[in-house]
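Asker: Below is data.txt; it holds compact mmCIF, C-alpha atoms.
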# COMPACT_ATOMS: atom_id res chain seq x y z
CA MET B 6 1.21 -13.08 -3.27
CA ALA B 7 4.95 -13.36 -2.98
CA THR B 8 6.69 -10.08 -2.14
CA VAL B 9 5.68 -6.70 -0.70
CA PHE B 10 8.27 -3.97 -0.06
CA PHE B 11 7.31 -0.87 1.92
CA MET B 12 9.19 2.26 2.92
CA LYS B 13 8.69 5.41 4.96
CA PHE B 14 10.39 8.22 3.03
CA ASN B 15 9.85 10.83 5.73
CA ARG B 16 7.21 11.63 8.35
CA ASP B 17 4.47 12.29 5.80
CA GLN B 18 5.35 10.26 2.71
CA GLY B 19 5.91 6.62 1.86
CA ALA B 20 5.06 3.85 -0.59
CA LEU B 21 4.53 0.13 -1.07
CA ILE B 22 5.35 -2.04 -4.07
CA ALA B 23 4.34 -5.65 -4.73
CA ASP B 24 4.57 -8.18 -7.51
CA GLU B 25 1.64 -10.29 -8.71
CA MET B 26 3.08 -13.79 -8.27
CA THR B 27 1.67 -16.30 -5.80
CA TRP B 28 2.94 -19.81 -5.14
CA HIS B 29 0.26 -21.13 -2.81
CA LEU B 30 -0.78 -24.03 -5.05
CA GLY B 31 1.89 -26.31 -3.61
CA PHE B 32 3.40 -29.63 -4.56
CA LYS B 33 0.18 -31.14 -5.88
CA TYR B 34 0.22 -28.60 -8.71
CA GLY B 35 3.98 -28.63 -9.28
CA TYR B 36 4.63 -25.33 -7.48
CA ARG B 37 3.59 -23.42 -10.56
CA PRO B 38 2.84 -19.74 -9.97
CA SER B 39 -0.45 -17.97 -10.36
CA ARG B 40 -0.76 -14.23 -11.00
CA TYR B 41 -2.90 -11.92 -8.91
CA GLY B 42 -2.89 -8.17 -9.44
CA ASP B 43 -3.94 -6.92 -6.00
CA SER B 44 -1.61 -7.64 -3.10
CA ILE B 45 -2.13 -4.07 -1.82
CA MET B 46 -5.67 -2.91 -1.00
CA ASN B 47 -6.83 0.53 0.09
CA LEU B 48 -9.05 0.36 3.20
CA LEU B 49 -10.57 3.80 2.62
CA ASP B 50 -12.36 5.64 -0.14
CA GLY B 51 -11.26 9.08 -1.30
CA GLU B 52 -13.61 11.05 0.93
CA LYS B 53 -12.41 9.35 4.10
CA GLU B 54 -8.78 9.98 3.16
CA THR B 55 -9.33 13.68 2.53
CA ASN B 56 -11.11 14.33 5.81
CA PRO B 57 -9.44 14.21 8.36
CA GLY B 58 -6.15 13.70 6.50
CA PHE B 59 -5.86 9.97 7.03
CA ALA B 60 -4.72 6.97 4.98
CA ALA B 61 -4.79 3.23 5.66
CA VAL B 62 -3.79 0.43 3.30
CA TYR B 63 -3.62 -3.33 3.76
CA ALA B 64 -1.14 -5.66 2.06
CA GLY B 65 -0.47 -9.36 2.43
CA VAL B 66 1.62 -12.29 1.27
CA GLY B 67 0.50 -15.91 1.31
CA PHE B 68 -2.92 -17.16 0.26
CA PRO B 69 -4.72 -14.46 -1.78
CA SER B 70 -8.25 -15.35 -0.69
CA PHE B 71 -7.24 -14.97 2.96
CA HIS B 72 -6.05 -11.40 2.45
CA PHE B 73 -8.95 -10.42 0.21
CA GLU B 74 -11.33 -11.54 2.97
CA VAL B 75 -9.40 -9.59 5.62
CA ALA B 76 -9.38 -6.40 3.54
CA ARG B 77 -13.04 -6.68 2.53
CA LYS B 78 -14.30 -7.30 6.07
CA ALA B 79 -12.00 -4.68 7.63
CA LYS B 80 -13.21 -2.08 5.17
CA LYS B 81 -16.82 -2.92 6.08
CA VAL B 82 -16.12 -2.59 9.81
CA LEU B 83 -14.34 0.74 9.31
CA THR B 84 -17.33 2.01 7.36
CA GLU B 85 -19.61 1.10 10.27
CA LYS B 86 -17.23 2.54 12.90
CA PRO B 87 -16.07 5.93 11.62
CA ASP B 88 -14.65 6.76 15.08
CA CYS B 89 -11.83 4.29 14.31
CA LEU B 90 -10.69 6.49 11.43
CA GLY B 91 -8.15 9.26 11.91
CA ASP B 92 -6.04 7.21 14.35
CA LEU B 93 -3.94 4.43 12.85
CA ASN B 94 -3.75 2.68 16.24
CA LYS B 95 -7.52 2.24 16.30
CA THR B 96 -7.62 1.26 12.64
CA GLY B 97 -4.83 -1.25 13.26
CA GLU B 98 -6.83 -2.79 16.11
CA VAL B 99 -9.81 -3.26 13.80
CA VAL B 100 -7.73 -4.85 11.07
CA GLU B 101 -5.93 -7.12 13.53
CA SER B 102 -9.24 -8.28 14.99
CA VAL B 103 -10.57 -9.08 11.52
CA TYR B 104 -7.31 -10.84 10.63
CA GLN B 105 -7.58 -13.10 13.68
CA ASP B 106 -11.26 -13.78 12.99
CA VAL B 107 -10.50 -14.89 9.44
CA HIS B 108 -7.65 -17.07 10.66
CA ALA B 109 -9.93 -18.62 13.30
CA ARG B 110 -12.67 -19.26 10.74
CA LEU B 111 -10.28 -21.19 8.51
CA ILE B 112 -9.11 -23.30 11.44
CA ASN B 113 -12.69 -23.97 12.53
CA ASP B 114 -13.66 -24.93 8.99
CA ARG B 115 -10.89 -27.52 8.93
CA LEU B 116 -11.78 -28.87 12.40
CA LYS B 117 -15.45 -29.06 11.44
CA PHE B 118 -14.62 -30.85 8.20
CA ASN B 119 -12.36 -33.40 9.91
CA PHE B 120 -14.06 -33.93 13.28
CA GLY B 121 -17.40 -32.11 13.42
CA PHE B 122 -16.42 -29.61 16.15
CA ASP B 123 -14.68 -26.22 16.26
CA ARG B 124 -11.90 -24.80 18.43
CA ASP B 125 -14.11 -23.60 21.28
CA GLU B 126 -15.88 -26.97 21.42
CA LEU B 127 -12.52 -28.73 21.49
CA ASN B 128 -11.47 -26.64 24.48
CA ARG B 129 -14.73 -27.46 26.26
CA ARG B 130 -14.38 -31.12 25.23
CA LYS B 131 -18.05 -31.10 24.24
CA PHE B 132 -20.03 -30.44 21.05
CA ARG B 133 -23.55 -30.95 19.79
CA TYR B 134 -24.33 -33.46 17.07
CA ASP B 135 -27.79 -34.34 15.78
CA GLY B 136 -29.36 -32.47 18.69
CA LYS B 137 -27.33 -34.31 21.31
CA GLU B 138 -24.32 -33.26 23.38
CA VAL B 139 -21.27 -35.41 22.73
CA ASP B 140 -18.13 -35.57 24.89
CA ILE B 141 -14.72 -35.37 23.19
CA VAL B 142 -12.78 -38.01 25.10
CA GLN B 143 -10.66 -39.94 22.59
CA ASP B 144 -6.98 -39.07 23.03
CA SER B 145 -6.25 -39.73 19.34
CA VAL B 146 -8.96 -37.30 18.24
CA ILE B 147 -7.80 -34.61 20.68
CA SER B 148 -4.17 -35.11 19.58
CA GLU B 149 -4.97 -34.80 15.87
CA ALA B 150 -7.16 -31.75 16.47
CA ASN B 151 -4.40 -30.07 18.47
CA LYS B 152 -1.99 -30.71 15.60
CA ILE B 153 -4.21 -28.57 13.40
CA LEU B 154 -4.29 -25.77 15.98
CA LYS B 155 -0.49 -25.80 16.35
CA TYR B 156 0.30 -26.15 12.62
CA GLY B 157 1.61 -29.64 13.19
CA VAL B 158 0.39 -30.90 9.81
CA LYS B 159 2.48 -29.53 6.92
CA GLU B 160 0.07 -30.10 4.06
CA ASP B 161 -0.99 -27.64 1.37
CA ILE B 162 -4.33 -26.85 2.98
CA TYR B 163 -2.62 -25.78 6.22
CA HIS B 164 -0.09 -23.59 4.41
CA ARG B 165 -3.07 -21.55 3.26
CA ILE B 166 -4.18 -21.06 6.86
CA PHE B 167 -0.88 -20.43 8.65
CA ASP B 168 1.63 -19.18 6.06
CA ASN B 169 0.17 -15.70 5.75
CA ASP B 170 1.62 -12.34 6.70
CA GLY B 171 -0.27 -9.08 6.61
CA LEU B 172 0.61 -5.42 6.86
CA ILE B 173 -1.31 -2.26 7.58
CA MET B 174 0.44 0.95 6.57
CA GLY B 175 -0.96 4.43 6.72
CA TYR B 176 -0.84 8.00 7.90
CA ASP B 177 -2.48 9.96 10.69
CA GLN B 178 -1.92 13.57 11.61
CA GLU B 179 -0.56 12.91 15.10
CA ASN B 180 2.13 10.35 14.26
CA GLY B 181 2.67 10.50 10.51
CA ILE B 182 3.50 7.40 8.46
CA ARG B 183 3.46 4.12 10.38
CA ALA B 184 3.04 0.44 9.67
CA TYR B 185 2.05 -2.68 11.58
CA HIS B 186 2.95 -6.26 10.78
CA LEU B 187 0.12 -8.80 11.24
CA CYS B 188 0.30 -12.56 11.62
CA ASN B 189 -1.71 -15.21 13.44
CA SER B 190 0.35 -14.67 16.61
CA GLY B 191 -0.42 -10.94 16.91
CA ARG B 192 0.49 -7.45 15.73
CA GLY B 193 3.81 -5.61 15.93
CA LEU B 194 4.90 -2.04 15.21
CA GLU B 195 7.13 -1.60 12.17
CA PHE B 196 9.42 1.23 11.13
CA ALA B 197 11.96 1.11 13.90
CA TYR B 198 13.83 1.05 10.59
CA PRO B 199 12.18 2.99 7.73
CA PHE B 200 12.15 0.03 5.34
CA ASP B 201 10.92 -3.54 5.43
CA ALA B 202 9.44 -6.27 3.29
CA LEU B 203 7.16 -9.28 3.48
CA GLY B 204 7.57 -12.50 1.61
CA SER B 205 10.15 -14.11 -0.60
CA GLY B 206 13.08 -11.93 -1.66
CA LYS B 207 13.05 -9.76 1.46
CA GLU B 208 16.76 -10.21 2.18
CA LEU B 209 17.82 -9.06 -1.28
CA GLY B 210 16.15 -5.66 -1.30
CA THR B 211 16.90 -5.07 2.36
CA ARG B 212 20.61 -5.36 1.64
CA LEU B 213 20.53 -2.52 -0.88
CA PHE B 214 18.55 -0.23 1.40
CA ALA B 215 20.86 -1.01 4.33
CA ASP B 216 23.89 -0.11 2.24
CA THR B 217 22.31 3.23 1.28
CA PHE B 218 21.11 4.06 4.78
CA TYR B 219 24.48 3.11 6.30
CA ARG B 220 26.21 5.81 4.25
CA MET B 221 23.88 8.61 5.36
CA GLN B 222 24.72 11.09 8.11
CA LEU B 223 22.52 11.17 11.22
CA GLU B 224 20.86 14.44 10.17
CA GLU B 225 20.06 12.95 6.76
CA ARG B 226 18.55 9.85 8.32
CA ARG B 227 16.32 11.90 10.58
CA ALA B 228 15.18 14.11 7.71
CA GLY B 229 14.45 11.12 5.49
CA PHE B 230 14.15 11.15 1.71
CA ARG B 231 12.42 13.42 -0.74
CA PHE B 232 9.44 11.66 -2.27
CA THR B 233 11.02 11.04 -5.67
CA ASP B 234 14.36 9.93 -4.21
CA GLY B 235 12.67 7.58 -1.77
CA LEU B 236 10.44 6.09 -4.44
CA PHE B 237 13.40 5.56 -6.76
CA LEU B 238 15.32 3.81 -3.98
CA LEU B 239 12.32 1.60 -3.19
CA LEU B 240 12.09 0.63 -6.87
CA ASN B 241 15.79 -0.26 -6.88
CA CYS B 242 15.39 -2.43 -3.79
CA PHE B 243 12.42 -4.18 -5.36
CA ALA B 244 14.33 -4.68 -8.62
CA ASP B 245 17.01 -6.52 -6.66
CA ALA B 246 14.44 -9.05 -5.49
CA TYR B 247 12.74 -9.11 -8.89
CA ASP B 248 15.97 -10.05 -10.70
CA PHE B 249 17.45 -12.48 -8.19
CA ASN B 250 14.53 -14.12 -6.42
CA MET B 251 12.79 -16.81 -8.45
CA LYS B 252 9.43 -16.30 -6.70
CA THR B 253 9.10 -12.60 -7.56
CA GLY B 254 7.79 -11.68 -10.99
CA GLY B 255 5.01 -10.53 -13.26
CA TYR B 256 3.59 -7.03 -13.22
CA VAL B 257 3.97 -4.73 -10.23
CA GLN B 258 1.60 -2.70 -8.08
CA VAL B 259 2.82 0.60 -6.62
CA PHE B 260 0.83 2.33 -3.87
CA MET B 261 1.99 5.80 -2.78
CA ILE B 262 1.12 7.95 0.25
CA ASP B 263 1.73 11.70 0.21
CA ALA B 264 0.04 13.45 3.13
CA LYS B 265 1.75 16.72 2.17
CA LYS B 266 0.20 16.55 -1.30
CA GLU B 267 3.48 17.92 -2.64
CA VAL B 268 3.71 15.34 -5.40
CA LEU B 269 0.30 13.64 -5.57
CA GLN B 270 -3.03 15.41 -6.04
CA SER B 271 -4.58 13.27 -3.30
CA ILE B 272 -3.17 11.59 -0.21
CA THR B 273 -2.83 8.25 -1.99
CA ALA B 274 -2.33 7.04 -5.54
CA GLU B 275 -2.00 3.59 -7.05
CA LYS B 276 -0.31 2.40 -10.24
CA HIS B 277 -0.61 -1.17 -11.51
CA ASP B 278 -0.63 -0.81 -15.28
CA HIS B 279 1.89 -1.05 -18.13
CA GLY B 280 3.45 2.19 -16.88
CA ALA B 281 4.20 0.74 -13.44
CA PHE B 282 5.92 -2.25 -15.01
CA LEU B 283 7.86 -0.03 -17.41
CA ALA B 284 9.05 2.05 -14.44
CA LEU B 285 10.58 -1.13 -13.04
CA GLU B 286 12.20 -1.86 -16.42
CA VAL B 287 13.66 1.66 -16.45
CA VAL B 288 15.20 0.99 -13.05
CA ARG B 289 16.60 -2.32 -14.26
CA ALA B 290 18.13 -0.55 -17.27
CA TYR B 291 19.77 1.89 -14.86
CA ARG B 292 21.06 -0.95 -12.68
CA TRP B 293 22.58 -2.64 -15.72
CA GLY B 294 24.37 0.59 -16.67
CA PHE B 295 22.44 1.58 -19.80
CA LEU B 296 20.94 4.76 -18.28
CA ASP B 297 22.37 7.32 -15.88
CA LYS B 298 20.61 7.93 -12.56
CA ASP B 299 19.08 11.33 -13.40
CA CYS B 300 17.60 10.06 -16.65
CA ALA B 301 16.29 6.83 -15.11
CA GLN B 302 14.72 8.58 -12.15
CA ALA B 303 13.08 11.20 -14.34
CA LEU B 304 11.61 8.52 -16.63
CA ALA B 305 10.34 6.39 -13.75
CA MET B 306 8.74 9.36 -11.99
CA SER B 307 7.04 10.53 -15.20
CA LEU B 308 5.29 7.16 -15.26
CA LEU B 309 4.37 6.88 -11.58
CA ILE B 310 3.55 10.46 -10.59
CA GLY B 311 3.36 12.19 -13.97
CA ASP B 312 1.03 11.82 -16.90
CA ALA B 313 3.45 10.44 -19.49
CA SER B 314 2.25 7.47 -21.51
CA TRP B 315 4.20 4.25 -21.35
CA GLU B 316 4.69 4.31 -25.14
CA GLU B 317 6.33 7.72 -24.93
CA VAL B 318 8.58 6.75 -22.02
CA GLU B 319 9.61 3.47 -23.65
CA THR B 320 10.75 5.40 -26.72
CA ARG B 321 12.70 7.81 -24.53
CA MET B 322 14.25 4.96 -22.55
CA PHE B 323 15.68 3.26 -25.63
CA GLY B 324 16.61 6.63 -27.12
CA ASN B 325 18.73 7.46 -24.07
CA ALA B 326 20.17 3.97 -23.56
CA SER B 327 23.87 3.56 -24.28
CA GLU B 328 23.25 0.23 -26.08
CA PRO B 329 19.54 0.02 -26.92
CA ASP B 330 19.73 -3.28 -28.82
CA LEU B 331 21.51 -5.02 -25.97
CA LEU B 332 19.09 -3.52 -23.43
CA ARG B 333 16.18 -4.83 -25.47
CA LYS B 334 17.62 -8.36 -25.35
CA TYR B 335 18.08 -8.23 -21.58
CA LEU B 336 14.53 -7.01 -21.04
CA MET B 337 13.39 -9.95 -23.17
CA GLY B 338 15.01 -12.31 -20.65
CA TYR B 339 18.60 -12.78 -21.79
CA LYS B 340 21.12 -12.74 -18.96
CA PRO B 341 22.88 -9.36 -18.59
CA VAL B 342 26.40 -10.75 -18.82
CA LYS B 343 27.80 -8.04 -21.12
CA SER B 344 26.07 -4.96 -19.77
CA PRO B 345 28.10 -1.82 -19.05
CA ASP B 346 29.50 -1.31 -15.57
CA SER B 347 26.50 -0.46 -13.41
CA PRO B 348 26.51 3.05 -11.92
CA LEU B 349 24.45 1.86 -8.96
CA SER B 350 25.69 3.30 -5.70
CA VAL B 351 23.88 5.35 -3.09
CA CYS B 352 20.39 5.95 -4.53
CA ARG B 353 19.63 9.38 -3.07
In structure tokens, write the structure found in this file.
Answerer:
Amino acid sequence: MATVFFMKFNRDQGALIADEMTWHLGFKYGYRPSRYGDSIMNLLDGEKETNPGFAAVYAGVGFPSFHFEVARKAKKVLTEKPDCLGDLNKTGEVVESVYQDVHARLINDRLKFNFGFDRDELNRRKFRYDGKEVDIVQDSVISEANKILKYGVKEDIYHRIFDNDGLIMGYDQENGIRAYHLCNSGRGLEFAYPFDALGSGKELGTRLFADTFYRMQLEERRAGFRFTDGLFLLLNCFADAYDFNMKTGGYVQVFMIDAKKEVLQSITAEKHDHGAFLALEVVRAYRWGFLDKDCAQALAMSLLIGDASWEEVETRMFGNASEPDLLRKYLMGYKPVKSPDSPLSVCR
């Protein structure tokens, strides 16, 4: 799980987009990527979203199994505690607690494997073995155990425990769209700025959003973006990371939130098929200068929020491209060194 971009379009609408690459295998396996299709996981079923108008989604970068466990256990807790639904603060507390529990379990598993005791037993300096209580008194053992707790050992197995970042994003009626960043040191409120990212490639997409936001008047910033404009901008920001960050790639997953139900038929919708990937290719064609903005945005939206088939949209994309043969080569992987001057400017 390499890159997750997320954006608040306005008070009631937003979206997340992630690629499917993960590089957790480390040096032992030559840093070769694996592909996972679910970096973004809905914490609610459709009925809970509809009543009382609430959405909550979890996303993560790092070790996939860590985030799958967090999402699965958090969803179970939320099912058993329906009073935590409807308020993203309470939901965030549940997810954070589960996140820390999973992190602690992984640390305890490693301590148990290496020394036979867990973190609490290390703090007490006592543990039970074979029915007997044993004191932990050796300085070398205590020192090595503390290295594990403080991430002092930079081996592959510890990357999987400590190099994880999570995110809960959602909507409640009182506060609208919000997001919280999660890591092993705690939870922080996002969206002091309406855009952020987790993982490799964050700086690339952030630059494009910052350039767009910088050019907006104060009233425009406060109003935010229309759903389709915001989603198109988010796709452009992600495309920046996709093209110029070596650890972002594969298919994409797009998760959308529309509490107004102006664009979507339900509060949330998810796309992670050929159409979602083609929407990214449409945006890349626009960024290379083969399509104008209106055409590219219309094609991308017909895939993500419309019912157009990817075969139909692909035909229309090449039919509208200024140089379809050259575009085809670039989408195959050739470097876009002779593409037309890109029309990319303020994406709104």
Asker: Could you pull out every residue with an atom within 6 Å of (7.9, -15.8, 0.0), file coordinates, counting only C-alpha atoms, and send them as number ranges by chain?
Answerer: B: 7, 204-205
Asker: Quick one: write out the picked residues with C-alpha atoms as an mmCIF file, in the coordinates of the input?
Answerer:
data_model
loop_
_atom_site.group_PDB
_atom_site.id
_atom_site.type_symbol
_atom_site.label_atom_id
_atom_site.label_comp_id
_atom_site.auth_asym_id
_atom_site.auth_seq_id
_atom_site.Cartn_x
_atom_site.Cartn_y
_atom_site.Cartn_z
ATOM 1 C CA ALA B 7 4.950 -13.360 -2.980
ATOM 2 C CA GLY B 204 7.570 -12.500 1.610
ATOM 3 C CA SER B 205 10.150 -14.110 -0.600
#
Asker: Using atom CA of Phe237 of chain B and atom CA of Val100 of chain B as the two end points, give the distance in Å to one decimal.
Answerer: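 Separating atom CA of Phe237 of chain B from atom CA of Val100 of chain B is a distance of 29.5 Å.
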Asker: Which residue gives the smallest distance to Val75 of chain B among B:Lys152, B:Lys137, B:Arg220, B:Arg110, with all atoms listed in the file counted?
Answerer: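 Ranked by minimum distance to Val75 of chain B, first place goes to B:Arg110.
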Asker: Work out how far apart atom CA of Leu127 of chain B and atom CA of Leu111 of chain B are and give it in Å to one decimal.
Answerer: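 The value is 15.2 Å.
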Asker: Just want the 10 Å neighbourhood of segment 278-281 of chain B, counted on only C-alpha atoms, with same-chain residues fewer than 5 positions away dropped. Output as a list in words.
Answerer: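 The residues that qualify are Ile22, Gly42, Tyr256, Val257, Gln258, Val259, Glu286, Val287, Ala305, Met306, Ser307, Leu308, Leu309, Asp312, Ala313, Ser314, Trp315, Glu316, Val318 and Glu319 of chain B.
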Asker: Just checking: using all atoms listed in the file, which residue out of B:Lys78, B:Lys207, B:Arg321, B:Lys95 ends up closest to Leu283 of chain B?
Answerer: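 Between B:Lys78, B:Lys207, B:Arg321, B:Lys95, the residue approaching Leu283 of chain B most closely is B:Arg321.
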Asker: Compare B:Cys89, B:Ala290, B:Cys242, B:Ala284 by their minimum atom-to-atom distance to Asp330 of chain B, counting all atoms listed in the file, and give me the closest one.
Answerer: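 When distances to Asp330 of chain B are compared using all atoms listed in the file, the smallest one comes from B:Ala290.
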Asker: Specify the axis-aligned box that encloses all atoms of segment 125-144 of chain B listed in the file after padding of 5 Å on each side, stating its centre and edge lengths in Å to one decimal as AutoDock Vina command-line options.
Answerer:
--center_x -18.2 --center_y -31.8 --center_z 21.0 --size_x 32.4 --size_y 26.3 --size_z 20.5
Asker: Determine the nearest neighbour of Thr96 of chain B from the options B:Gly175, B:Gly206, B:Gly229, B:Gly255, counting only C-alpha atoms.
Answerer: B:Gly175
